[in-house]
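K.L.:
Coordinates in upload26.txt, compact mmCIF, C-alpha atoms, are listed below.
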```
# COMPACT_ATOMS: atom_id res chain seq x y z
CA MET U 112 -84.93 -15.25 -25.56
CA ARG U 113 -86.52 -16.60 -22.37
CA LEU U 114 -84.62 -18.13 -19.44
CA SER U 115 -85.33 -21.68 -20.70
CA GLU U 116 -83.74 -20.92 -24.09
CA LEU U 117 -80.76 -19.18 -22.46
CA SER U 118 -80.30 -22.37 -20.41
CA ALA U 119 -80.60 -24.63 -23.47
CA ARG U 120 -78.19 -22.56 -25.58
CA SER U 121 -75.57 -22.17 -22.84
CA GLY U 122 -75.91 -25.71 -21.48
CA ILE U 123 -76.18 -24.21 -17.97
CA PRO U 124 -79.15 -25.28 -15.74
CA THR U 125 -81.78 -22.59 -15.05
CA ALA U 126 -81.18 -22.88 -11.28
CA THR U 127 -77.50 -21.99 -11.83
CA ILE U 128 -78.43 -19.04 -14.07
CA LYS U 129 -80.83 -17.77 -11.37
CA TYR U 130 -78.01 -18.04 -8.84
CA TYR U 131 -75.72 -15.96 -11.11
CA LEU U 132 -78.51 -13.35 -11.46
CA ARG U 133 -78.95 -13.17 -7.66
CA GLU U 134 -75.17 -12.87 -7.15
CA GLN U 135 -75.00 -10.06 -9.76
CA LEU U 136 -72.63 -12.04 -11.97
CA LEU U 137 -75.16 -11.78 -14.82
CA PRO U 138 -77.15 -8.57 -15.55
CA GLN U 139 -80.94 -8.83 -15.18
CA GLY U 140 -82.91 -9.46 -18.40
CA ARG U 141 -85.43 -6.97 -19.80
CA ARG U 142 -88.60 -7.46 -17.71
CA ILE U 143 -91.62 -8.25 -19.97
CA THR U 144 -94.20 -9.53 -17.45
CA ALA U 145 -94.22 -9.72 -13.65
CA THR U 146 -92.61 -13.18 -13.82
CA GLN U 147 -90.77 -13.24 -17.14
CA ALA U 148 -87.70 -11.51 -18.55
CA GLU U 149 -86.07 -11.42 -21.98
CA TYR U 150 -82.37 -12.21 -22.50
CA ASP U 151 -80.09 -11.57 -25.49
CA GLU U 152 -76.71 -12.57 -26.97
CA SER U 153 -74.88 -10.38 -24.45
CA HIS U 154 -76.25 -12.59 -21.65
CA LEU U 155 -75.05 -15.72 -23.45
CA ARG U 156 -71.57 -14.22 -23.85
CA ARG U 157 -71.49 -13.12 -20.23
CA LEU U 158 -72.47 -16.62 -19.05
CA ARG U 159 -69.43 -18.05 -20.87
CA LEU U 160 -67.22 -15.54 -19.09
CA VAL U 161 -68.74 -16.33 -15.67
CA ARG U 162 -68.04 -20.04 -16.31
CA ALA U 163 -64.49 -19.29 -17.44
CA LEU U 164 -63.81 -17.27 -14.30
CA THR U 165 -65.46 -19.48 -11.71
CA GLN U 166 -64.94 -22.99 -13.13
CA VAL U 167 -61.65 -22.78 -15.03
CA GLY U 168 -60.03 -19.82 -13.24
CA LYS U 169 -61.34 -20.95 -9.81
CA VAL U 170 -62.10 -17.27 -9.10
CA PRO U 171 -64.28 -16.86 -5.95
CA VAL U 172 -67.74 -15.35 -6.56
CA ALA U 173 -66.93 -12.06 -4.76
CA ALA U 174 -63.79 -11.53 -6.89
CA ALA U 175 -65.69 -12.49 -10.07
CA ARG U 176 -68.34 -9.84 -9.25
CA GLU U 177 -65.57 -7.23 -8.90
CA VAL U 178 -63.98 -8.29 -12.23
CA LEU U 179 -67.35 -8.07 -14.02
CA ALA U 180 -68.12 -4.65 -12.49
CA ALA U 181 -64.86 -3.34 -14.02
CA VAL U 182 -65.73 -4.98 -17.37
CA ASP U 183 -69.07 -3.11 -17.37
CA ASP U 184 -67.89 0.32 -16.16
CA GLU U 185 -68.05 2.38 -19.36
CA SER U 186 -66.86 5.51 -17.55
CA LEU U 187 -63.35 4.03 -17.51
CA SER U 188 -60.85 4.18 -20.43
CA ARG U 189 -60.21 1.01 -22.44
CA THR U 190 -56.71 0.55 -20.95
CA ILE U 191 -58.07 0.98 -17.43
CA ARG U 192 -60.99 -1.41 -18.08
CA LEU U 193 -58.62 -4.04 -19.49
CA GLY U 194 -56.27 -3.50 -16.56
CA ALA U 195 -58.86 -3.12 -13.81
CA ALA U 196 -60.49 -6.42 -14.77
CA LEU U 197 -57.13 -8.24 -14.70
CA TRP U 198 -56.12 -6.48 -11.49
CA ALA U 199 -59.22 -7.77 -9.69
CA LEU U 200 -58.31 -11.42 -10.42
CA PRO U 201 -56.89 -13.42 -7.50
CA GLN U 202 -53.10 -13.08 -7.29
CA PRO U 203 -50.42 -15.50 -6.07
CA PRO U 204 -48.88 -14.80 -2.62
CA GLU U 205 -46.36 -11.95 -2.63
CA ALA U 206 -42.79 -11.73 -1.35
CA ASP U 207 -42.20 -10.03 1.99
CA PRO U 208 -41.54 -6.34 1.08
CA GLU U 209 -39.22 -5.98 4.13
CA ASP U 210 -36.93 -8.76 2.88
CA PRO U 211 -33.66 -7.44 1.33
CA ALA U 212 -34.06 -10.00 -1.49
CA THR U 213 -37.38 -8.35 -2.42
CA THR U 214 -35.83 -4.86 -2.40
CA GLN U 215 -33.02 -6.07 -4.65
CA ALA U 216 -35.42 -7.85 -7.03
CA ASP U 217 -37.54 -4.69 -7.16
CA GLU U 218 -34.51 -2.63 -8.22
CA GLU U 219 -33.58 -5.18 -10.87
CA ALA U 220 -37.15 -5.33 -12.18
CA ARG U 221 -37.19 -1.52 -12.57
CA HIS U 222 -33.85 -1.67 -14.34
CA LEU U 223 -35.22 -4.39 -16.66
CA LEU U 224 -38.35 -2.39 -17.57
CA GLY U 225 -36.19 0.69 -18.23
CA GLU U 226 -33.83 -1.23 -20.52
CA LEU U 227 -36.81 -2.76 -22.36
CA GLY U 228 -38.28 0.71 -22.94
CA TRP U 229 -41.49 -0.35 -21.18
CA ASP U 230 -41.91 3.18 -19.78
CA ASN U 231 -45.65 2.89 -19.16
CA ALA U 232 -45.22 -0.37 -17.23
CA LEU U 233 -42.40 1.30 -15.28
CA GLU U 234 -44.68 4.22 -14.41
CA ILE U 235 -47.53 1.92 -13.27
CA GLY U 236 -44.89 -0.04 -11.35
CA PRO U 237 -45.81 -1.73 -8.05
CA LEU U 238 -49.48 -0.74 -8.50
CA SER U 239 -49.70 -3.58 -11.04
CA PRO U 240 -50.16 -7.12 -9.66
CA ALA U 241 -48.14 -8.43 -12.64
CA TYR U 242 -45.20 -6.30 -11.53
CA ARG U 243 -45.43 -7.62 -7.97
CA THR U 244 -45.66 -11.23 -9.26
CA LEU U 245 -42.52 -10.64 -11.35
CA VAL U 246 -40.62 -9.24 -8.34
CA THR U 247 -41.72 -12.18 -6.16
CA ALA U 248 -40.57 -14.72 -8.78
CA MET U 249 -37.24 -12.90 -9.28
CA ALA U 250 -36.65 -12.78 -5.49
CA SER U 251 -37.33 -16.56 -5.24
CA LEU U 252 -34.93 -17.30 -8.09
CA GLN U 253 -32.22 -15.13 -6.53
CA GLN U 254 -32.62 -16.65 -3.07
CA LEU U 255 -32.13 -20.05 -4.71
CA GLY U 256 -28.92 -18.80 -6.34
CA TYR U 257 -30.20 -18.31 -9.89
CA VAL U 258 -29.17 -15.13 -11.72
CA THR U 259 -32.12 -13.09 -13.07
CA GLY U 260 -30.59 -9.92 -14.43
CA VAL U 261 -31.39 -7.86 -17.52
CA ALA U 262 -29.29 -10.19 -19.70
CA GLU U 263 -31.18 -13.32 -18.57
CA LEU U 264 -34.69 -11.88 -18.72
CA THR U 265 -34.58 -9.63 -21.80
CA PRO U 266 -34.91 -12.47 -24.38
CA TYR U 267 -38.02 -13.77 -22.55
CA ALA U 268 -39.48 -10.27 -22.18
CA ARG U 269 -39.10 -9.60 -25.93
CA LYS U 270 -40.92 -12.85 -26.79
CA MET U 271 -43.71 -12.01 -24.35
CA GLU U 272 -43.94 -8.53 -25.91
CA GLU U 273 -44.64 -10.22 -29.27
CA VAL U 274 -47.23 -12.49 -27.61
CA ALA U 275 -48.91 -9.46 -25.99
CA GLY U 276 -48.97 -7.61 -29.33
CA HIS U 277 -50.75 -10.59 -30.86
CA ASP U 278 -53.13 -10.73 -27.84
CA LEU U 279 -54.16 -7.10 -28.49
CA ASP U 280 -54.51 -7.64 -32.26
CA VAL U 281 -56.91 -10.52 -31.59
CA LEU U 282 -58.96 -8.33 -29.21
CA GLU U 283 -59.10 -5.45 -31.68
CA ALA U 284 -60.73 -7.72 -34.26
CA LEU U 285 -63.79 -7.95 -31.96
CA PRO U 286 -66.52 -5.42 -32.79
CA GLU U 287 -67.48 -3.99 -29.37
CA GLU U 288 -65.40 -2.66 -26.50
CA VAL U 289 -67.29 -4.69 -23.89
CA GLU U 290 -66.57 -7.85 -25.92
CA GLN U 291 -62.89 -6.89 -26.11
CA VAL U 292 -62.71 -6.45 -22.34
CA GLU U 293 -64.56 -9.75 -21.76
CA ALA U 294 -62.23 -11.56 -24.15
CA ALA U 295 -59.19 -10.05 -22.41
CA VAL U 296 -60.33 -11.46 -19.07
CA ALA U 297 -61.13 -14.88 -20.54
CA ALA U 298 -57.78 -14.97 -22.35
CA ALA U 299 -55.89 -14.06 -19.18
CA VAL U 300 -57.46 -17.01 -17.33
CA LEU U 301 -57.75 -19.58 -20.12
CA TYR U 302 -54.71 -19.00 -22.31
CA GLU U 303 -52.09 -19.27 -19.56
CA PRO U 304 -52.21 -23.12 -19.39
CA VAL U 305 -52.23 -23.21 -23.22
CA LEU U 306 -49.06 -21.10 -23.43
CA LEU U 307 -47.24 -23.06 -20.72
CA SER U 308 -48.12 -26.45 -22.21
CA LEU U 309 -47.08 -25.28 -25.70
CA ARG U 310 -43.71 -24.21 -24.22
CA ARG U 311 -43.19 -27.64 -22.66
CA LEU U 312 -44.24 -29.45 -25.85
CA ALA U 313 -41.85 -27.26 -27.86
CA GLN U 314 -39.07 -28.12 -25.37
CA GLU U 315 -39.77 -31.84 -25.90
CA GLU U 316 -39.86 -31.38 -29.68
CA LEU U 317 -36.60 -29.42 -29.86
CA ALA U 318 -34.77 -31.61 -27.30
CA THR U 319 -35.64 -34.69 -29.38
CA ARG U 320 -34.45 -32.95 -32.57
CA ARG U 321 -31.17 -31.88 -30.93
CA TYR U 322 -30.31 -34.92 -28.81
CA GLY U 323 -32.40 -37.77 -30.26
CA LEU U 324 -34.77 -39.88 -28.22
CA MET F 213 -16.99 -29.06 3.26
CA ARG F 214 -18.63 -30.20 6.50
CA LEU F 215 -22.38 -30.16 7.21
CA SER F 216 -22.02 -26.88 9.17
CA GLU F 217 -20.40 -25.13 6.18
CA LEU F 218 -22.99 -26.58 3.77
CA SER F 219 -25.64 -25.10 6.07
CA ALA F 220 -23.88 -21.71 6.27
CA ARG F 221 -23.35 -21.46 2.50
CA SER F 222 -26.87 -22.57 1.56
CA GLY F 223 -28.63 -20.67 4.36
CA ILE F 224 -30.53 -23.88 5.19
CA PRO F 225 -30.53 -25.12 8.85
CA THR F 226 -28.57 -28.35 9.50
CA ALA F 227 -31.73 -30.06 10.82
CA THR F 228 -33.44 -29.42 7.46
CA ILE F 229 -30.42 -30.72 5.52
CA LYS F 230 -30.44 -33.89 7.68
CA TYR F 231 -34.15 -34.31 6.87
CA TYR F 232 -33.39 -34.02 3.13
CA LEU F 233 -30.62 -36.65 3.53
CA ARG F 234 -33.00 -39.06 5.34
CA GLU F 235 -35.70 -38.49 2.68
CA GLN F 236 -33.17 -39.17 -0.10
CA LEU F 237 -33.66 -35.75 -1.63
CA LEU F 238 -29.92 -35.07 -1.17
CA PRO F 239 -27.21 -37.72 -1.83
CA GLN F 240 -25.13 -38.77 1.19
CA GLY F 241 -21.76 -37.04 1.61
CA ARG F 242 -18.43 -38.89 1.42
CA ARG F 243 -18.05 -40.55 4.84
CA ILE F 244 -14.74 -39.52 6.50
CA THR F 245 -15.22 -40.65 10.10
CA ALA F 246 -17.99 -42.63 11.83
CA THR F 247 -19.88 -39.40 12.53
CA GLN F 248 -18.69 -36.97 9.85
CA ALA F 249 -19.17 -36.66 6.10
CA GLU F 250 -17.73 -34.37 3.45
CA TYR F 251 -19.97 -32.44 1.01
CA ASP F 252 -19.10 -30.62 -2.23
CA GLU F 253 -20.48 -28.09 -4.74
CA SER F 254 -22.86 -30.68 -6.20
CA HIS F 255 -24.59 -30.91 -2.80
CA LEU F 256 -24.96 -27.14 -2.67
CA ARG F 257 -26.46 -27.12 -6.18
CA ARG F 258 -28.79 -29.98 -5.31
CA LEU F 259 -29.99 -28.16 -2.16
CA ARG F 260 -31.05 -25.19 -4.32
CA LEU F 261 -33.03 -27.52 -6.54
CA VAL F 262 -34.72 -29.23 -3.58
CA ARG F 263 -35.76 -25.79 -2.28
CA ALA F 264 -37.01 -24.75 -5.72
CA LEU F 265 -39.12 -27.90 -6.01
CA THR F 266 -40.54 -28.08 -2.50
CA GLN F 267 -40.85 -24.40 -1.52
CA VAL F 268 -41.53 -22.58 -4.78
CA GLY F 269 -43.01 -25.42 -6.84
CA LYS F 270 -44.93 -26.84 -3.85
CA VAL F 271 -43.92 -30.33 -5.04
CA PRO F 272 -44.64 -33.01 -2.38
CA VAL F 273 -41.56 -34.82 -1.00
CA ALA F 274 -42.45 -38.16 -2.66
CA ALA F 275 -42.79 -36.51 -6.10
CA ALA F 276 -39.58 -34.51 -5.54
CA ARG F 277 -37.74 -37.78 -4.78
CA GLU F 278 -39.01 -39.23 -8.08
CA VAL F 279 -37.95 -36.11 -10.04
CA LEU F 280 -34.45 -36.21 -8.50
CA ALA F 281 -34.10 -39.94 -9.22
CA ALA F 282 -34.71 -39.19 -12.91
CA VAL F 283 -32.22 -36.28 -12.80
CA ASP F 284 -29.57 -38.68 -11.45
CA ASP F 285 -30.23 -41.68 -13.71
CA GLU F 286 -27.25 -41.56 -16.08
CA SER F 287 -28.42 -44.66 -17.94
CA LEU F 288 -31.12 -42.52 -19.62
CA SER F 289 -30.56 -40.33 -22.71
CA ARG F 290 -30.43 -36.56 -22.23
CA THR F 291 -33.86 -36.04 -23.85
CA ILE F 292 -35.40 -38.73 -21.64
CA ARG F 293 -33.75 -37.32 -18.49
CA LEU F 294 -34.97 -33.81 -19.31
CA GLY F 295 -38.42 -35.19 -20.06
CA ALA F 296 -38.63 -37.78 -17.27
CA ALA F 297 -37.84 -35.15 -14.65
CA LEU F 298 -40.55 -32.83 -15.99
CA TRP F 299 -42.98 -35.70 -16.35
CA ALA F 300 -42.65 -36.58 -12.68
CA LEU F 301 -43.74 -33.09 -11.58
CA PRO F 302 -47.32 -32.78 -10.26
CA GLN F 303 -49.78 -32.08 -13.09
CA PRO F 304 -53.05 -30.11 -13.14
CA PRO F 305 -56.30 -32.12 -13.18
CA GLU F 306 -57.10 -33.62 -16.59
CA ALA F 307 -60.24 -33.49 -18.75
CA ASP F 308 -62.53 -36.54 -18.72
CA PRO F 309 -61.25 -38.71 -21.63
CA GLU F 310 -64.81 -40.05 -22.20
CA ASP F 311 -66.18 -36.54 -22.82
CA PRO F 312 -66.78 -35.79 -26.56
CA ALA F 313 -65.23 -32.30 -26.03
CA THR F 314 -61.99 -34.02 -24.95
CA THR F 315 -62.00 -36.31 -28.00
CA GLN F 316 -62.52 -33.31 -30.29
CA ALA F 317 -59.81 -31.27 -28.56
CA ASP F 318 -57.46 -34.26 -28.86
CA GLU F 319 -58.06 -34.42 -32.64
CA GLU F 320 -57.49 -30.68 -32.99
CA ALA F 321 -54.32 -30.84 -30.89
CA ARG F 322 -52.93 -33.61 -33.15
CA HIS F 323 -53.84 -31.55 -36.20
CA LEU F 324 -52.07 -28.51 -34.68
CA LEU F 325 -48.86 -30.46 -33.94
CA GLY F 326 -48.91 -31.89 -37.49
CA GLU F 327 -49.30 -28.42 -39.05
CA LEU F 328 -46.52 -27.04 -36.83
CA GLY F 329 -44.20 -29.84 -37.97
CA TRP F 330 -43.70 -30.90 -34.35
CA ASP F 331 -43.41 -34.55 -35.41
CA ASN F 332 -41.55 -35.73 -32.32
CA ALA F 333 -44.13 -34.16 -29.99
CA LEU F 334 -46.85 -35.76 -32.14
CA GLU F 335 -45.19 -39.16 -31.77
CA ILE F 336 -44.84 -38.81 -27.97
CA GLY F 337 -48.45 -37.59 -27.95
CA PRO F 338 -50.70 -38.40 -24.98
CA LEU F 339 -47.76 -39.96 -23.10
CA SER F 340 -46.61 -36.40 -22.42
CA PRO F 341 -48.29 -34.54 -19.52
CA ALA F 342 -47.82 -31.27 -21.47
CA TYR F 343 -49.91 -32.72 -24.31
CA ARG F 344 -52.67 -33.74 -21.92
CA THR F 345 -52.62 -30.28 -20.28
CA LEU F 346 -52.96 -28.69 -23.72
CA VAL F 347 -55.93 -30.93 -24.62
CA THR F 348 -57.62 -30.15 -21.27
CA ALA F 349 -57.19 -26.39 -21.77
CA MET F 350 -58.46 -26.58 -25.39
CA ALA F 351 -61.51 -28.64 -24.30
CA SER F 352 -62.32 -26.02 -21.59
CA LEU F 353 -62.03 -23.18 -24.09
CA GLN F 354 -64.26 -24.97 -26.60
CA GLN F 355 -66.90 -25.82 -24.00
CA LEU F 356 -67.01 -22.13 -23.15
CA GLY F 357 -67.55 -21.28 -26.83
CA TYR F 358 -64.05 -20.04 -27.67
CA VAL F 359 -62.50 -21.21 -30.95
CA THR F 360 -59.07 -22.88 -30.53
CA GLY F 361 -58.18 -24.16 -33.98
CA VAL F 362 -54.87 -24.26 -35.84
CA ALA F 363 -55.32 -20.63 -36.97
CA GLU F 364 -55.82 -19.36 -33.39
CA LEU F 365 -53.05 -21.37 -31.72
CA THR F 366 -50.28 -21.37 -34.35
CA PRO F 367 -49.02 -17.83 -33.60
CA TYR F 368 -48.72 -18.70 -29.89
CA ALA F 369 -47.06 -22.05 -30.63
CA ARG F 370 -44.43 -20.36 -32.86
CA LYS F 371 -43.55 -17.86 -30.10
CA MET F 372 -43.28 -20.68 -27.56
CA GLU F 373 -41.04 -22.59 -29.98
CA GLU F 374 -38.68 -19.59 -29.94
CA VAL F 375 -38.85 -19.47 -26.13
CA ALA F 376 -38.09 -23.21 -25.94
CA GLY F 377 -35.15 -22.80 -28.34
CA HIS F 378 -33.75 -20.13 -26.03
CA ASP F 379 -34.41 -22.38 -22.98
CA LEU F 380 -32.28 -25.14 -24.53
CA ASP F 381 -29.51 -22.71 -25.58
CA VAL F 382 -29.26 -21.51 -21.95
CA LEU F 383 -29.03 -25.12 -20.72
CA GLU F 384 -26.37 -26.03 -23.28
CA ALA F 385 -24.13 -23.29 -21.91
CA LEU F 386 -23.88 -25.27 -18.62
CA PRO F 387 -20.83 -27.55 -18.46
CA GLU F 388 -22.26 -30.84 -17.14
CA GLU F 389 -25.27 -32.90 -18.17
CA VAL F 390 -26.49 -33.31 -14.58
CA GLU F 391 -26.39 -29.51 -14.18
CA GLN F 392 -28.34 -29.12 -17.43
CA VAL F 393 -31.02 -31.51 -16.22
CA GLU F 394 -31.18 -29.78 -12.81
CA ALA F 395 -31.47 -26.37 -14.46
CA ALA F 396 -34.25 -27.66 -16.75
CA VAL F 397 -36.29 -28.77 -13.74
CA ALA F 398 -35.70 -25.50 -11.87
CA ALA F 399 -36.57 -23.47 -14.98
CA ALA F 400 -39.80 -25.42 -15.50
CA VAL F 401 -40.94 -24.60 -11.96
CA LEU F 402 -39.50 -21.11 -11.49
CA TYR F 403 -39.70 -19.48 -14.91
CA GLU F 404 -43.41 -20.04 -15.49
CA PRO F 405 -44.54 -17.17 -13.18
CA VAL F 406 -41.81 -14.98 -14.72
CA LEU F 407 -43.10 -15.62 -18.26
CA LEU F 408 -46.75 -15.08 -17.32
CA SER F 409 -46.08 -11.85 -15.42
CA LEU F 410 -43.91 -10.54 -18.29
CA ARG F 411 -46.82 -11.24 -20.67
CA ARG F 412 -49.24 -9.28 -18.47
CA LEU F 413 -46.78 -6.38 -18.06
CA ALA F 414 -46.27 -6.29 -21.83
CA GLN F 415 -50.07 -6.21 -22.30
CA GLU F 416 -50.29 -3.23 -19.92
CA GLU F 417 -47.40 -1.50 -21.71
CA LEU F 418 -48.80 -2.01 -25.21
CA ALA F 419 -52.41 -1.21 -24.25
CA THR F 420 -51.26 2.10 -22.76
CA ARG F 421 -49.24 2.86 -25.92
CA ARG F 422 -52.19 2.05 -28.19
CA TYR F 423 -55.11 3.47 -26.22
CA GLY F 424 -53.56 5.92 -23.73
CA LEU F 425 -54.10 5.74 -20.00
```
So that I can check it, write out the structure of this file as structure tokens.
P.N.:
Amino acid sequence: MRLSELSARSGIPTATIKYYLREQLLPQGRRITATQAEYDESHLRRLRLVRALTQVGKVPVAAAREVLAAVDDESLSRTIRLGAALWALPQPPEADPEDPATTQADEEARHLLGELGWDNALEIGPLSPAYRTLVTAMASLQQLGYVTGVAELTPYARKMEEVAGHDLDVLEALPEEVEQVEAAVAAAVLYEPVLLSLRRLAQEELATRRYGL
Amino acid sequence: MRLSELSARSGIPTATIKYYLREQLLPQGRRITATQAEYDESHLRRLRLVRALTQVGKVPVAAAREVLAAVDDESLSRTIRLGAALWALPQPPEADPEDPATTQADEEARHLLGELGWDNALEIGPLSPAYRTLVTAMASLQQLGYVTGVAELTPYARKMEEVAGHDLDVLEALPEEVEQVEAAVAAAVLYEPVLLSLRRLAQEELATRRYGL
């Protein structure tokens, strides 16, 4: 399809698509004349992902370019491509590693992963932004006087393990590896508010059932 | 205990505690002389919550005051106090209610709650900020071309129902209703990054198990 049709089908103005092409967020189309290029379904899918990252995820353009480079790097294994894309997303601020509360939370997080049998996650350890986010959140909770040991966190970790298993099952139903990696990135950004709002709605539902209105 | 001991035990400077007292984030102590007041364990607990809201949750002081007023209002039922406190927390920006994508997402969200049997949540409906956040996230996903129907969201909703059931069980183990309400507010703010990072760690763990490194 031509640029005009890509614009019509995606609902994104041609000027914006040209900007994405210049910024290397969207791969160039197949050149057919000096001034025209041909685009396909992969461009349409990629446009959705660029919108998800920049508009919903508020990911800066430079970070989005890095995420998309990892998505496209076929020399990497599937696990690394899934991970590398997520790792390039902007992360929340981290706890001070010199703080004793951080050191203690780090020890407890390792102990938790060991008890859960998450040996791969334990091996990746502090290299993973998710691990560092967990340690930061645990350190905050502890500094505020809340207990976040293995006993408190295991029930939540087991539920999230089931959620993650479902996440991967959904991805595996997609035909191509590049689509799976794209969907993983979109899901990371877009499904987080869905999960959190479903948790709060379920709390309201169950509180009303247990205690009345 | 005196102000100096409250400061020592909480690790919060006396000047900050005096600021919280002036801003009505912390109830006044029991006056014992013209210049001295006596504080107890409830003040220590409340200080933790104020820190959780303002420092970790980045809740503005005016909103924090509103949350704490709901926590303290014993004329309200437990469900309403749990809900009112959460409802007063700052919410993410909402979808344009005039947009047809929002109307469609709203219909699908109602259909989802009906199928889940979450009749109380359905009745509370758009009054609940969690419901509006869900509709906004579903509308974003749909505009980007992702399908978010009952089939896609039910597995996530069921997991979050189990998480919410565990949330309430943990609260019920606390002796006093005011403590339960305080813990609900703290958990809403502090446990969300824990849940999301556990989901990402579980994805890394399971992807490595399924596809190797």
K.L.:
Nearest to Leu179 in chain U: which of U:Leu223, U:Ala206, U:Leu255, U:Ala295 is it, counting all atoms listed in the file?
P.N.:
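Of U:Leu223, U:Ala206, U:Leu255, U:Ala295, the one nearest Leu179 in chain U, counting all atoms listed in the file, is U:Ala295.
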K.L.:
Select all residues from chain F having any atom no more than 7 Å from an atom of chain U (counting all atoms listed in the file, ignoring ligands), output as a PyMOL selection string.
P.N.:
chain F and resi 260+264+289-292+295+330+332-333+342-343+345-346+349+353+356+368-369+371-373+375-377+402+405-407+409-420+423-425
K.L.:
One number please: CA of Gly260 in chain U to CA of Ala216 in chain U, in Å, one decimal.
P.N.:
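Spanning CA of Gly260 in chain U to CA of Ala216 in chain U is a straight-line distance of 9.1 Å.
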K.L.:
Figure out the distance between CA of Asp184 in chain U and CA of Leu282 in chain U, please, to one decimal in Å.
P.N.:
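Between CA of Leu282 in chain U and CA of Asp184 in chain U the gap works out to 18.0 Å.
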K.L.:
Separation of CA of Glu253 in chain F and CA of Thr214 in chain U, in Å?
P.N.:
27.9 Å
K.L.:
Within 9 Å of range 127-134 of chain U, counting all atoms listed in the file, which residues show up once you throw out same-chain ones fewer than 5 positions away? Write them as a PyMOL selection string, please.
P.N.:
chain U and resi 114+117-118+139+158+161+172-173+176
K.L.:
Only N, CA, C and O atoms, please: range 295-307 of chain F from the block, as an mmCIF file, in the first residue's frame.
P.N.:
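Writing done, so here's part_1.cif:
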```cif
data_model
loop_
_atom_site.group_PDB
_atom_site.id
_atom_site.type_symbol
_atom_site.label_atom_id
_atom_site.label_comp_id
_atom_site.auth_asym_id
_atom_site.auth_seq_id
_atom_site.Cartn_x
_atom_site.Cartn_y
_atom_site.Cartn_z
ATOM 1 N N GLY F 295 -13.253 2.158 50.373
ATOM 2 C CA GLY F 295 -13.415 2.708 49.033
ATOM 3 C C GLY F 295 -13.142 4.196 48.997
ATOM 4 O O GLY F 295 -12.382 4.680 48.150
ATOM 5 N N ALA F 296 -13.725 4.939 49.954
ATOM 6 C CA ALA F 296 -13.610 6.401 49.938
ATOM 7 C C ALA F 296 -12.155 6.830 49.992
ATOM 8 O O ALA F 296 -11.744 7.767 49.301
ATOM 9 N N ALA F 297 -11.359 6.096 50.815
ATOM 10 C CA ALA F 297 -9.944 6.450 50.917
ATOM 11 C C ALA F 297 -9.252 6.241 49.566
ATOM 12 O O ALA F 297 -8.513 7.093 49.090
ATOM 13 N N LEU F 298 -9.535 5.095 48.926
ATOM 14 C CA LEU F 298 -8.924 4.827 47.621
ATOM 15 C C LEU F 298 -9.420 5.803 46.568
ATOM 16 O O LEU F 298 -8.675 6.203 45.683
ATOM 17 N N TRP F 299 -10.686 6.169 46.668
ATOM 18 C CA TRP F 299 -11.274 7.059 45.670
ATOM 19 C C TRP F 299 -10.683 8.458 45.726
ATOM 20 O O TRP F 299 -10.714 9.190 44.743
ATOM 21 N N ALA F 300 -10.157 8.834 46.896
ATOM 22 C CA ALA F 300 -9.608 10.184 47.041
ATOM 23 C C ALA F 300 -8.167 10.272 46.526
ATOM 24 O O ALA F 300 -7.623 11.360 46.386
ATOM 25 N N LEU F 301 -7.563 9.118 46.231
ATOM 26 C CA LEU F 301 -6.191 9.135 45.704
ATOM 27 C C LEU F 301 -6.176 9.749 44.307
ATOM 28 O O LEU F 301 -7.159 9.683 43.587
ATOM 29 N N PRO F 302 -5.030 10.353 43.911
ATOM 30 C CA PRO F 302 -4.978 10.949 42.562
ATOM 31 C C PRO F 302 -5.146 9.852 41.507
ATOM 32 O O PRO F 302 -4.642 8.748 41.675
ATOM 33 N N GLN F 303 -5.869 10.165 40.438
ATOM 34 C CA GLN F 303 -6.168 9.180 39.396
ATOM 35 C C GLN F 303 -5.465 9.565 38.100
ATOM 36 O O GLN F 303 -5.238 10.746 37.856
ATOM 37 N N PRO F 304 -5.162 8.556 37.251
ATOM 38 C CA PRO F 304 -4.571 8.880 35.940
ATOM 39 C C PRO F 304 -5.587 9.627 35.071
ATOM 40 O O PRO F 304 -6.787 9.580 35.353
ATOM 41 N N PRO F 305 -5.105 10.333 34.018
ATOM 42 C CA PRO F 305 -6.028 11.061 33.148
ATOM 43 C C PRO F 305 -7.040 10.106 32.508
ATOM 44 O O PRO F 305 -6.733 8.957 32.225
ATOM 45 N N GLU F 306 -8.271 10.601 32.304
ATOM 46 C CA GLU F 306 -9.333 9.743 31.783
ATOM 47 C C GLU F 306 -9.592 9.968 30.299
ATOM 48 O O GLU F 306 -9.341 11.049 29.773
ATOM 49 N N ALA F 307 -10.136 8.921 29.651
ATOM 50 C CA ALA F 307 -10.502 9.014 28.233
ATOM 51 C C ALA F 307 -11.637 10.025 28.070
ATOM 52 O O ALA F 307 -12.448 10.227 28.977
#
```
